[in-house]
$ cat work17.cif   # mmCIF, C-alpha atoms
data_final
#
loop_
_atom_site.group_PDB
_atom_site.id
_atom_site.type_symbol
_atom_site.label_atom_id
_atom_site.label_comp_id
_atom_site.auth_asym_id
_atom_site.auth_seq_id
_atom_site.Cartn_x
_atom_site.Cartn_y
_atom_site.Cartn_z
ATOM 1 C CA MET A 1 -7.412 126.455 39.006
ATOM 2 C CA LYS A 2 -7.391 130.198 39.498
ATOM 3 C CA GLY A 3 -6.682 132.056 36.282
ATOM 4 C CA CYS A 4 -7.499 129.135 33.969
ATOM 5 C CA ILE A 5 -10.055 130.299 31.411
ATOM 6 C CA PHE A 6 -11.524 126.798 31.054
ATOM 7 C CA CYS A 7 -11.889 126.426 34.839
ATOM 8 C CA GLN A 8 -13.680 129.798 34.845
ATOM 9 C CA ILE A 9 -16.088 128.447 32.213
ATOM 10 C CA ILE A 10 -16.639 125.254 34.249
ATOM 11 C CA ASN A 11 -17.337 127.329 37.382
ATOM 12 C CA GLY A 12 -19.835 129.565 35.549
ATOM 13 C CA GLU A 13 -17.625 132.638 35.917
ATOM 14 C CA LEU A 14 -17.439 132.998 32.127
ATOM 15 C CA PRO A 15 -20.238 132.204 29.667
ATOM 16 C CA CYS A 16 -20.108 129.561 26.980
ATOM 17 C CA PHE A 17 -22.309 128.004 24.328
ATOM 18 C CA LYS A 18 -22.625 124.608 26.029
ATOM 19 C CA ILE A 19 -23.022 121.705 23.614
ATOM 20 C CA TYR A 20 -22.774 118.850 26.127
ATOM 21 C CA GLU A 21 -22.153 118.321 29.821
ATOM 22 C CA ASP A 22 -22.002 115.363 32.148
ATOM 23 C CA GLY A 23 -20.523 114.767 35.594
ATOM 24 C CA HIS A 24 -16.954 114.655 34.254
ATOM 25 C CA THR A 25 -16.815 116.722 31.073
ATOM 26 C CA LEU A 26 -17.973 119.914 29.427
ATOM 27 C CA ALA A 27 -18.137 120.680 25.706
ATOM 28 C CA PHE A 28 -18.730 124.131 24.246
ATOM 29 C CA LEU A 29 -18.341 126.041 21.012
ATOM 30 C CA ASP A 30 -14.972 127.656 20.368
ATOM 31 C CA ILE A 31 -15.219 131.468 20.288
ATOM 32 C CA GLY A 32 -13.134 131.671 17.092
ATOM 33 C CA LYS A 33 -15.033 132.326 13.891
ATOM 34 C CA GLU A 34 -12.915 130.223 11.532
ATOM 35 C CA VAL A 35 -14.880 126.939 11.500
ATOM 36 C CA ASP A 36 -18.603 126.360 12.039
ATOM 37 C CA GLY A 37 -19.250 123.913 14.853
ATOM 38 C CA HIS A 38 -15.678 123.979 16.234
ATOM 39 C CA THR A 39 -16.168 122.403 19.664
ATOM 40 C CA ILE A 40 -13.868 122.205 22.699
ATOM 41 C CA VAL A 41 -14.199 119.213 25.045
ATOM 42 C CA ILE A 42 -12.594 119.456 28.508
ATOM 43 C CA PRO A 43 -12.510 117.536 31.765
ATOM 44 C CA LYS A 44 -14.161 119.347 34.676
ATOM 45 C CA THR A 45 -11.040 118.641 36.725
ATOM 46 C CA HIS A 46 -8.065 120.906 36.016
ATOM 47 C CA ILE A 47 -5.491 118.776 34.235
ATOM 48 C CA VAL A 48 -2.802 120.524 32.214
ATOM 49 C CA ASN A 49 -2.575 118.106 29.286
ATOM 50 C CA ILE A 50 -2.778 114.482 28.211
ATOM 51 C CA LEU A 51 0.678 113.812 29.670
ATOM 52 C CA ASP A 52 -0.689 114.599 33.152
ATOM 53 C CA CYS A 53 -4.088 112.933 32.740
ATOM 54 C CA ASP A 54 -5.121 109.805 34.599
ATOM 55 C CA ASP A 55 -6.690 107.015 32.557
ATOM 56 C CA GLU A 56 -10.150 107.302 34.121
ATOM 57 C CA THR A 57 -10.480 111.020 33.355
ATOM 58 C CA LEU A 58 -9.129 110.552 29.842
ATOM 59 C CA GLY A 59 -11.686 107.789 29.310
ATOM 60 C CA HIS A 60 -14.514 110.130 30.317
ATOM 61 C CA VAL A 61 -13.229 112.875 28.010
ATOM 62 C CA MET A 62 -12.810 110.541 25.035
ATOM 63 C CA SER A 63 -16.250 109.048 25.624
ATOM 64 C CA ALA A 64 -17.708 112.564 25.447
ATOM 65 C CA VAL A 65 -15.663 113.330 22.317
ATOM 66 C CA LYS A 66 -17.021 110.199 20.629
ATOM 67 C CA ARG A 67 -20.610 110.933 21.670
ATOM 68 C CA ILE A 68 -20.453 114.501 20.343
ATOM 69 C CA ALA A 69 -18.683 113.486 17.114
ATOM 70 C CA ASN A 70 -21.301 110.816 16.439
ATOM 71 C CA HIS A 71 -24.089 113.322 17.144
ATOM 72 C CA TYR A 72 -22.614 115.785 14.637
ATOM 73 C CA VAL A 73 -22.413 113.113 11.934
ATOM 74 C CA ASP A 74 -25.694 111.347 12.718
ATOM 75 C CA HIS A 75 -27.914 114.366 13.407
ATOM 76 C CA CYS A 76 -26.293 117.625 12.277
ATOM 77 C CA SER A 77 -25.546 117.175 8.539
ATOM 78 C CA TYR A 78 -21.782 116.710 8.964
ATOM 79 C CA THR A 79 -20.072 113.767 7.301
ATOM 80 C CA ALA A 80 -16.823 113.535 9.297
ATOM 81 C CA VAL A 81 -14.788 115.140 12.079
ATOM 82 C CA ASN A 82 -11.193 116.028 12.815
ATOM 83 C CA LEU A 83 -9.998 115.613 16.399
ATOM 84 C CA LEU A 84 -7.107 117.810 17.459
ATOM 85 C CA ASN A 85 -5.096 118.028 20.685
ATOM 86 C CA ALA A 86 -1.910 119.835 21.621
ATOM 87 C CA SER A 87 -0.155 118.733 24.809
ATOM 88 C CA GLY A 88 2.649 121.051 25.939
ATOM 89 C CA THR A 89 3.829 124.472 24.882
ATOM 90 C CA ASP A 90 6.166 123.037 22.234
ATOM 91 C CA ALA A 91 3.103 121.413 20.654
ATOM 92 C CA GLU A 92 1.434 124.869 20.611
ATOM 93 C CA GLN A 93 -0.996 124.150 23.463
ATOM 94 C CA SER A 94 -2.671 127.534 23.936
ATOM 95 C CA VAL A 95 -4.647 126.918 27.151
ATOM 96 C CA PRO A 96 -2.986 124.921 29.952
ATOM 97 C CA HIS A 97 -6.067 122.761 30.571
ATOM 98 C CA LEU A 98 -6.512 119.458 28.744
ATOM 99 C CA HIS A 99 -8.811 119.928 25.776
ATOM 100 C CA PHE A 100 -9.728 118.298 22.514
ATOM 101 C CA HIS A 101 -11.003 120.149 19.474
ATOM 102 C CA ILE A 102 -13.760 118.599 17.409
ATOM 103 C CA ILE A 103 -13.837 120.095 13.913
ATOM 104 C CA PRO A 104 -17.032 119.005 12.119
ATOM 105 C CA ARG A 105 -16.457 118.421 8.422
ATOM 106 C CA LYS A 106 -18.421 118.326 5.174
ATOM 107 C CA SER A 107 -17.330 117.433 1.680
ATOM 108 C CA ASP A 108 -15.542 120.299 -0.056
ATOM 109 C CA ASP A 109 -15.653 122.536 3.072
ATOM 110 C CA GLY A 110 -12.230 124.009 2.233
ATOM 111 C CA ILE A 111 -10.752 123.207 5.641
ATOM 112 C CA HIS A 112 -7.197 121.905 5.726
ATOM 113 C CA ALA A 113 -6.621 120.375 9.160
ATOM 114 C CA TRP A 114 -3.234 118.813 8.420
ATOM 115 C CA PRO A 115 -0.151 121.035 8.367
ATOM 116 C CA ASP A 116 2.403 120.995 5.588
ATOM 117 C CA LEU A 117 5.259 119.093 7.190
ATOM 118 C CA LYS A 118 8.902 118.918 6.143
ATOM 119 C CA GLU A 119 10.456 115.589 5.251
ATOM 120 C CA ARG A 120 11.661 113.798 8.392
ATOM 121 C CA GLU A 121 15.356 113.896 9.239
ATOM 122 C CA ASN A 122 15.672 110.336 10.579
ATOM 123 C CA THR A 123 15.113 106.963 8.964
ATOM 124 C CA LEU A 124 12.176 104.830 10.047
ATOM 125 C CA ASP A 125 14.665 102.387 11.580
ATOM 126 C CA ASP A 126 16.157 105.190 13.705
ATOM 127 C CA MET A 127 12.726 106.355 14.821
ATOM 128 C CA TYR A 128 11.598 102.793 15.589
ATOM 129 C CA ARG A 129 14.601 102.184 17.848
ATOM 130 C CA LEU A 130 14.049 105.506 19.627
ATOM 131 C CA LEU A 131 10.285 105.326 20.119
ATOM 132 C CA LYS A 132 9.472 101.643 20.652
ATOM 133 C CA ILE A 133 8.037 100.895 24.112
#

$ encode --input "work17.cif" --output "structure tokens"
Amino acid sequence: MKGCIFCQIINGELPCFKIYEDGHTLAFLDIGKEVDGHTIVIPKTHIVNILDCDDETLGHVMSAVKRIANHYVDHCSYTAVNLLNASGTDAEQSVPHLHFHIIPRKSDDGIHAWPDLKERENTLDDMYRLLKI
């Protein structure tokens, strides 16, 4: 998609530090300097977010996420990973192209991946009735 920074990376119009690539996905290092090894995994097809993604494409992306996460733990001295995704502007999605963040972790690395959340307003019963499929 014209103007999408991730599509520009896929098309070779912008450089990246490519970690992994296959016929369906691309993974590269995030340009931010906050976390060593912070990796972005994207489908090569422009899909806005997980809400718009077909099951086959999502399967390819998650397979790549798992492969990369296992590589980091098995071969790169990390002991765990956080996987993060934001789908939609209200979820703070910053780039309108489906992407997952892999945050490699080590013991006592000082990273806090979980936000401080307020206590929920509704009871579990209320939420169950609202959300159950």

$ resolve_selection --input "work17.cif" --expression "the PyMOL selection byres ((chain A and resi 85-89) around 10)" --output "CSV table (one decimal) with C-alpha atoms, in the frame of the given file"
chain,number,residue,atom,x,y,z
A,40,ILE,CA,-13.9,122.2,22.7
A,48,VAL,CA,-2.8,120.5,32.2
A,49,ASN,CA,-2.6,118.1,29.3
A,50,ILE,CA,-2.8,114.5,28.2
A,51,LEU,CA,0.7,113.8,29.7
A,52,ASP,CA,-0.7,114.6,33.2
A,83,LEU,CA,-10.0,115.6,16.4
A,84,LEU,CA,-7.1,117.8,17.5
A,90,ASP,CA,6.2,123.0,22.2
A,91,ALA,CA,3.1,121.4,20.7
A,92,GLU,CA,1.4,124.9,20.6
A,93,GLN,CA,-1.0,124.2,23.5
A,94,SER,CA,-2.7,127.5,23.9
A,95,VAL,CA,-4.6,126.9,27.2
A,96,PRO,CA,-3.0,124.9,30.0
A,97,HIS,CA,-6.1,122.8,30.6
A,98,LEU,CA,-6.5,119.5,28.7
A,99,HIS,CA,-8.8,119.9,25.8
A,100,PHE,CA,-9.7,118.3,22.5
A,101,HIS,CA,-11.0,120.1,19.5
A,102,ILE,CA,-13.8,118.6,17.4

$ closest_residue --input "work17.cif" --among "A:Met1, A:Val35, A:Leu130, A:Leu26" --to "Ser63 in chain A" --atoms "all atoms listed in the file"
A:Leu26

$ closest_residue --input "work17.cif" --among "A:Pro15, A:Val73, A:Ile10, A:Leu131" --to "Pro43 in chain A" --atoms "all atoms listed in the file"
A:Ile10

$ resolve_selection --input "work17.cif" --expression "the PyMOL selection byres ((chain A and resi 44) around 8)" --output "list in words"
Cys7, Ile10, Gly23, His24, Thr25, Leu26, Ile42, Pro43, Thr45 and His46 of chain A

$ atom_distance --input "work17.cif" --atom1 "CA of Glu34 in chain A" --atom2 "CA of Asp74 in chain A"
22.8 Å

$ closest_residue --input "work17.cif" --among "A:Gly59, A:Gly37, A:Gly3, A:Pro115" --to "Ser77 in chain A" --atoms "only C-alpha atoms"
A:Gly37

$ atom_distance --input "work17.cif" --atom1 "CA of Val41 in chain A" --atom2 "CA of Gln8 in chain A"
14.4 Å

$ closest_residue --input "work17.cif" --among "A:Leu117, A:Asp126, A:Ala69, A:Glu13" --to "Thr39 in chain A" --atoms "only C-alpha atoms"
A:Ala69

$ axis_aligned_box --input "work17.cif" --around "range 86-104 of chain A" --padding-each-side "4 Å" --output "JSON"
{"center_x": -5.4, "center_y": 122.9, "center_z": 21.3, "size_x": 31.2, "size_y": 17.2, "size_z": 26.5}

$ closest_residue --input "work17.cif" --among "A:Ile133, A:Ile68, A:Val81, A:Ile19" --to "Ala113 in chain A" --atoms "all atoms listed in the file"
A:Val81

$ closest_residue --input "work17.cif" --among "A:Cys16, A:Val65, A:Asp36, A:Tyr128" --to "Ile111 in chain A" --atoms "only C-alpha atoms"
A:Asp36
